[in-house]
Each structure stands twice: as structure tokens, then as C-alpha cells.
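S.K.: Sending over a structure as C-alpha cells; questions will come in a sec.
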Amino acid sequence: MTNSTITLAEDLTITRMGYGAMQLAGPGVFGPPKDRDQAIAVLREAVALGVTHIDTSDFYGPTVVNEIIKEALHPYPEDLVLVTKVGARRGDDASWIPDLSPDALRAQVHANLDHLGLDVLDVVNLRSMAHEGHSEESIAESFTALAELQQQGLIKHLGLSSVTIPQIREAQAIAPIVTIQNLYNLVNRDDDDVVEYAAEHNIAFASFFPLGGFTPLQSETLAKVAARLDATPQQVALAWLLQRSATSVVIPGTSSLAHLRENIAARDLILPTDAITELDTIGA
């Protein structure tokens, strides 16, 4: 088993195998799920299997996923860390609308607190839109607004999502960050430099869409390696991420109990060096 937990601050230890709750909403991450009871069962099973790191946001649904998490798990286990994100809102047509103004961020933090049933949020990631073209826009004003809410005691720890290294450094000059969440997987390796930076600074690097998201990973090499190791391609892709760096964490999402168990089993899969070398060619 790879090191199963990572300590990011004195009061913050998470399992490197996490769970991403986005898929618990309806189609297009909008509206209620087809089977709310199943969504609740998946969350409870994730915790029962030892996951202490759940990724969510009030813009999933919107509000739907946070409300399901509260129904399933509140009062929360002492070691459970809920990582949420702010920086967008949803249109009535299910569109994603970036909204990083300080007033909007304050309102989003309060909405997350309310829908999760919390007095303080464990970790809040500021979600920029950098990965959609690697914008180098300043995030100082937005991040300062979150740092102020942290000082007020509404947030314990801060992180970033969809950011570049200059933006990370800009945020670190304002307040410490414990997590970075960017698009990254076996096929999409544009952020190799961010993975390395996170490892150097003991920041958790959470790959979102670790299995490709809306366009699932497909690779002949991945399928071959998986067959040789008697594992599924998805398990191999997750194990590769966990072995990618000492601070790499994964948050695969699913609304299926079977897929959840399959994903979590990847934490016990150790890839031999020759398999890693082969897999590395996919994103080269």
C-alpha cells in the first residue's frame, strides 16, 4: 500500500484516497440524483472503507450534493475532512458561471456552511478558470477575501483549484495553502510542474478527473498493463497517480457502490517500475 494518509498541517491529515462527490447530483451535475438513497449509501460506504477526505461544492446541484452529504454523514466523524470549493455559480440552464468577486465568495462560503451544517469549513479551494487556457490573471483580491474569512474563524485551511504556479505563489504570499486541485491524469499531464511544486511544498495535489471525467481514459497501453497486473484500467490509473508524487491525492467520483469499492481498492495496488515506465509513455 502507498502511504495511505498525508499530514498537511498540525490539525489536518487526510487519506490520499479520497472521494469526489460531484457525481451524486443529477445529469450534468444539475438537479437531484436519480436515486437519493443510493447516493447516501455510497457516501456512508466511502467512510466505512476508511476514506476521510471528501471533495464537494455548493455549486454541485447546486446545493444538492452538500445537502445529501449532510443527510448521509452529519454529525460528521471526527476525522472526516470536507474539502469544498468556491468561485462559480450555476445558471438556471445548468451553465457554470465564474464568480470570484469578494462579495460572491463570502456568500458562497456561508452557503457551504449552511448546506453542510457546519460552523467552520475544513478546507476551501478558490476555483479559478486557469485550466481553460491557463489564464495568468491575478487571484489576489479573491484569495484575500477567503483569507479574511479564515481569520474570522469560518475556514480552517485554504487551497486553490485550476491554477498556475504564478497564481499559487501569489496566494502563498497572502496565506498558507494546503491543497491544489487541477485537471491531471495519465493522459493529461500539462501540470507536471504543478505536481512537482506541490510535492516540494508539502501541498496536497488533488487530480480532478483522475479517470478522465466526461471523456473516460482510453489507452491500449493502460489496458495492457492492467491485464498484466490483474487489475482494472481505472485502478491502474489511480495507482499511477498515487505513486506520481509523495503529496499526490485522488478524488475519484462515482454514484455506484461497486465502482466505489473498485476505486478504493486501487490504494493497495503497487505498480512495479516497469509498469510505471510504460504508463509514462501515454502522456509523453
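Labeling convention for the C-alpha cells: chains A, B, ... as they appear, residues from 1 per chain, ligands from 1 in order of appearance.
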Write out as an NGL selection string each polymer residue whose atoms come within 10 Å of region 264-267 of chain A, counting only C-alpha atoms; drop sequence neighbours fewer than 5 positions from it.
M.R.: :A and (1-4 or 15-19 or 46 or 49-51 or 231-232 or 234-240 or 242-243 or 250-252 or 259)
S.K.: Could you give me, as a PyMOL selection string, the residues within 12 Å of region 74-79 of chain A, counting only C-alpha atoms and dropping anything in the same chain fewer than 6 positions from it?
M.R.: chain A and resi 5+11-15+40+43-44+47-48+50-54+66-68+115-118+122
S.K.: Write out as JSON lines a residue-level contact list of region 38-115 of chain A versus region 145-151 of chain A with cut-off 9 Å: for each qualifying residue the closest pair of atoms and the distance in Å to one decimal, counting only C-alpha atoms, rows sorted by chain and residue number upward.
M.R.:
{"residue": "A:Ser101", "atom": "CA", "partner": "A:Ala145", "partner_atom": "CA", "distance": 8.6}
{"residue": "A:Pro102", "atom": "CA", "partner": "A:Ala145", "partner_atom": "CA", "distance": 5.4}
{"residue": "A:Asp103", "atom": "CA", "partner": "A:Ala145", "partner_atom": "CA", "distance": 8.3}
{"residue": "A:Leu105", "atom": "CA", "partner": "A:Ala145", "partner_atom": "CA", "distance": 7.3}
{"residue": "A:Arg106", "atom": "CA", "partner": "A:Ala145", "partner_atom": "CA", "distance": 7.3}
{"residue": "A:Val109", "atom": "CA", "partner": "A:Leu149", "partner_atom": "CA", "distance": 8.5}
S.K.: Ala173 (chain A): which residues within 12 Å, counting only C-alpha atoms, same-chain residues fewer than 2 positions away excluded, as a ChimeraX atom specification?
M.R.: /A:139-140,143-144,147,166-171,175-177
S.K.: Would you output that residue set with all heavy atoms, as a JSON list (two decimals), in the first residue's frame?
M.R.:
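What ended up in again.json:
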[["chain", "number", "residue", "atom", "x", "y", "z"],
["A", 139, "ILE", "N", -5.22, 36.51, -8.76],
["A", 139, "ILE", "CA", -6.29, 36.00, -7.89],
["A", 139, "ILE", "C", -6.19, 36.63, -6.50],
["A", 139, "ILE", "O", -6.85, 36.20, -5.56],
["A", 139, "ILE", "CB", -6.23, 34.45, -7.78],
["A", 139, "ILE", "CG1", -4.86, 33.98, -7.25],
["A", 139, "ILE", "CG2", -6.57, 33.79, -9.10],
["A", 139, "ILE", "CD1", -4.81, 32.50, -6.88],
["A", 140, "ALA", "N", -5.36, 37.66, -6.38],
["A", 140, "ALA", "CA", -5.06, 38.24, -5.06],
["A", 140, "ALA", "C", -6.32, 38.76, -4.36],
["A", 140, "ALA", "O", -6.54, 38.49, -3.17],
["A", 140, "ALA", "CB", -4.03, 39.36, -5.20],
["A", 143, "PHE", "N", -8.53, 35.76, -3.31],
["A", 143, "PHE", "CA", -7.92, 34.94, -2.26],
["A", 143, "PHE", "C", -7.85, 35.71, -0.94],
["A", 143, "PHE", "O", -8.03, 35.12, 0.14],
["A", 143, "PHE", "CB", -6.52, 34.47, -2.69],
["A", 143, "PHE", "CG", -5.98, 33.35, -1.84],
["A", 143, "PHE", "CD1", -6.48, 32.07, -1.96],
["A", 143, "PHE", "CD2", -4.99, 33.59, -0.90],
["A", 143, "PHE", "CE1", -6.00, 31.03, -1.16],
["A", 143, "PHE", "CE2", -4.50, 32.56, -0.09],
["A", 143, "PHE", "CZ", -5.02, 31.28, -0.23],
["A", 144, "THR", "N", -7.64, 37.00, -1.01],
["A", 144, "THR", "CA", -7.63, 37.83, 0.20],
["A", 144, "THR", "C", -8.99, 37.77, 0.90],
["A", 144, "THR", "O", -9.06, 37.70, 2.14],
["A", 144, "THR", "CB", -7.26, 39.29, -0.14],
["A", 144, "THR", "OG1", -5.93, 39.31, -0.68],
["A", 144, "THR", "CG2", -7.32, 40.19, 1.09],
["A", 147, "ALA", "N", -9.01, 34.62, 2.78],
["A", 147, "ALA", "CA", -8.09, 34.71, 3.92],
["A", 147, "ALA", "C", -8.73, 35.50, 5.08],
["A", 147, "ALA", "O", -8.54, 35.17, 6.25],
["A", 147, "ALA", "CB", -6.78, 35.37, 3.49],
["A", 166, "PRO", "N", 2.45, 30.74, -11.00],
["A", 166, "PRO", "CA", 2.45, 32.15, -10.56],
["A", 166, "PRO", "C", 1.26, 32.49, -9.66],
["A", 166, "PRO", "O", 1.41, 33.24, -8.69],
["A", 166, "PRO", "CB", 2.39, 32.93, -11.88],
["A", 166, "PRO", "CG", 3.01, 32.02, -12.88],
["A", 166, "PRO", "CD", 2.59, 30.64, -12.48],
["A", 167, "GLN", "N", 0.10, 31.92, -9.95],
["A", 167, "GLN", "CA", -1.06, 32.18, -9.09],
["A", 167, "GLN", "C", -0.90, 31.53, -7.72],
["A", 167, "GLN", "O", -1.32, 32.10, -6.71],
["A", 167, "GLN", "CB", -2.33, 31.67, -9.78],
["A", 167, "GLN", "CG", -2.73, 32.50, -11.00],
["A", 167, "GLN", "CD", -3.87, 31.87, -11.78],
["A", 167, "GLN", "OE1", -3.92, 30.65, -11.94],
["A", 167, "GLN", "NE2", -4.78, 32.69, -12.28],
["A", 168, "ILE", "N", -0.29, 30.35, -7.68],
["A", 168, "ILE", "CA", -0.04, 29.68, -6.40],
["A", 168, "ILE", "C", 0.88, 30.55, -5.54],
["A", 168, "ILE", "O", 0.62, 30.78, -4.35],
["A", 168, "ILE", "CB", 0.59, 28.29, -6.62],
["A", 168, "ILE", "CG1", -0.38, 27.36, -7.35],
["A", 168, "ILE", "CG2", 1.01, 27.66, -5.29],
["A", 168, "ILE", "CD1", 0.27, 26.12, -7.95],
["A", 169, "ARG", "N", 1.95, 31.05, -6.15],
["A", 169, "ARG", "CA", 2.91, 31.89, -5.41],
["A", 169, "ARG", "C", 2.22, 33.17, -4.92],
["A", 169, "ARG", "O", 2.48, 33.64, -3.80],
["A", 169, "ARG", "CB", 4.11, 32.23, -6.29],
["A", 169, "ARG", "CG", 5.01, 31.02, -6.57],
["A", 169, "ARG", "CD", 6.33, 31.47, -7.17],
["A", 169, "ARG", "NE", 7.25, 30.36, -7.31],
["A", 169, "ARG", "CZ", 7.71, 29.90, -8.47],
["A", 169, "ARG", "NH1", 7.33, 30.46, -9.61],
["A", 169, "ARG", "NH2", 8.56, 28.90, -8.50],
["A", 170, "GLU", "N", 1.36, 33.73, -5.76],
["A", 170, "GLU", "CA", 0.63, 34.94, -5.39],
["A", 170, "GLU", "C", -0.24, 34.68, -4.14],
["A", 170, "GLU", "O", -0.25, 35.48, -3.20],
["A", 170, "GLU", "CB", -0.24, 35.38, -6.57],
["A", 170, "GLU", "CG", -1.00, 36.67, -6.34],
["A", 170, "GLU", "CD", -1.86, 37.06, -7.52],
["A", 170, "GLU", "OE1", -2.53, 36.18, -8.11],
["A", 170, "GLU", "OE2", -1.87, 38.26, -7.87],
["A", 171, "ALA", "N", -0.91, 33.54, -4.13],
["A", 171, "ALA", "CA", -1.77, 33.19, -2.99],
["A", 171, "ALA", "C", -0.93, 32.93, -1.74],
["A", 171, "ALA", "O", -1.29, 33.38, -0.64],
["A", 171, "ALA", "CB", -2.60, 31.96, -3.33],
["A", 175, "ALA", "N", -1.63, 33.93, 2.29],
["A", 175, "ALA", "CA", -1.94, 32.96, 3.36],
["A", 175, "ALA", "C", -1.44, 31.59, 2.94],
["A", 175, "ALA", "O", -1.32, 31.30, 1.74],
["A", 175, "ALA", "CB", -3.44, 32.93, 3.63],
["A", 176, "PRO", "N", -1.16, 30.69, 3.90],
["A", 176, "PRO", "CA", -0.71, 29.33, 3.55],
["A", 176, "PRO", "C", -1.80, 28.57, 2.78],
["A", 176, "PRO", "O", -2.99, 28.77, 3.03],
["A", 176, "PRO", "CB", -0.46, 28.68, 4.92],
["A", 176, "PRO", "CG", -0.33, 29.81, 5.89],
["A", 176, "PRO", "CD", -1.20, 30.90, 5.36],
["A", 177, "ILE", "N", -1.37, 27.70, 1.87],
["A", 177, "ILE", "CA", -2.33, 26.83, 1.19],
["A", 177, "ILE", "C", -1.96, 25.37, 1.44],
["A", 177, "ILE", "O", -0.78, 25.03, 1.55],
["A", 177, "ILE", "CB", -2.43, 27.12, -0.33],
["A", 177, "ILE", "CG1", -1.13, 26.80, -1.06],
["A", 177, "ILE", "CG2", -2.84, 28.56, -0.59],
["A", 177, "ILE", "CD1", -1.28, 26.78, -2.56]]
S.K.: Using only C-alpha atoms, which protein or nucleic acid residues come within 7 Å of Asn202 (chain A)? Drop anything in the same chain fewer than 4 positions from it, and give the result as a PyMOL selection string.
M.R.: chain A and resi 8+198+247
S.K.: Write to file, as a compact mmCIF listing (two decimals), in the first residue's frame, the residues of the selection just made, with all heavy atoms.
M.R.:
# COMPACT_ATOMS: atom_id res chain seq x y z
N LEU A 8 -0.93 17.62 6.31
CA LEU A 8 -0.69 18.88 5.60
C LEU A 8 -0.54 20.06 6.55
O LEU A 8 -0.05 21.11 6.17
CB LEU A 8 -1.85 19.14 4.63
CG LEU A 8 -2.07 18.02 3.62
CD1 LEU A 8 -3.42 18.16 2.96
CD2 LEU A 8 -0.96 18.00 2.58
N ALA A 198 3.92 21.23 -5.77
CA ALA A 198 3.13 20.83 -4.60
C ALA A 198 3.93 19.89 -3.70
O ALA A 198 3.92 20.04 -2.48
CB ALA A 198 1.83 20.17 -5.05
N THR A 247 2.90 13.77 -2.42
CA THR A 247 1.73 14.53 -1.94
C THR A 247 0.55 14.43 -2.90
O THR A 247 -0.41 15.18 -2.79
CB THR A 247 2.08 16.02 -1.71
OG1 THR A 247 2.42 16.64 -2.96
CG2 THR A 247 3.22 16.18 -0.72
S.K.: Using only C-alpha atoms, determine which residues lie at most 8 Å from Gly87 (chain A), disregarding the query and same-chain residues fewer than 6 positions distant; provide the list as a list in words.
M.R.: Pro98, Asp99, Leu100, Ala104, Leu105, Gln108, Leu126, Arg127 and Ser128 of chain A
S.K.: As a ChimeraX atom specification, please: the residues near Lys156 (chain A) (cut-off 8 Å, only C-alpha atoms, same-chain neighbours under 2 positions excluded).
M.R.: /A:120-123,150,153-154,158
S.K.: Report the distance between CA of Gly91 (chain A) and CA of His157 (chain A) in Å, rounded to one decimal place.
M.R.: 28.3 Å
S.K.: Mind listing the strand (DSSP E) residues of region 103-217 of chain A, per DSSP on the backbone, as JSON, numbers by chain?
M.R.: {"A": [121, 122, 123, 124, 125, 126, 127, 155, 156, 157, 158, 159, 160, 161, 179, 180, 181, 182, 183, 204, 205, 206, 207, 208]}
S.K.: Which residue, A:Glu45, A:Glu196, A:Asp114, A:Glu262, has the smallest gap to Ile180 (chain A) when you use only C-alpha atoms?
M.R.: A:Glu196
S.K.: For Thr179 (chain A), work out the shell of residues within 8 Å, counting only C-alpha atoms and skipping chain neighbours fewer than 3 positions away, then give it as a PyMOL selection string.
M.R.: chain A and resi 125+158-160+203-206
S.K.: Would you give me, as a ChimeraX atom specification, the residues in region 63-221 of chain A that DSSP reads as helix (DSSP H, G or I)?
M.R.: /A:64-73,102-116,140-151,165-172,192-200,220-221
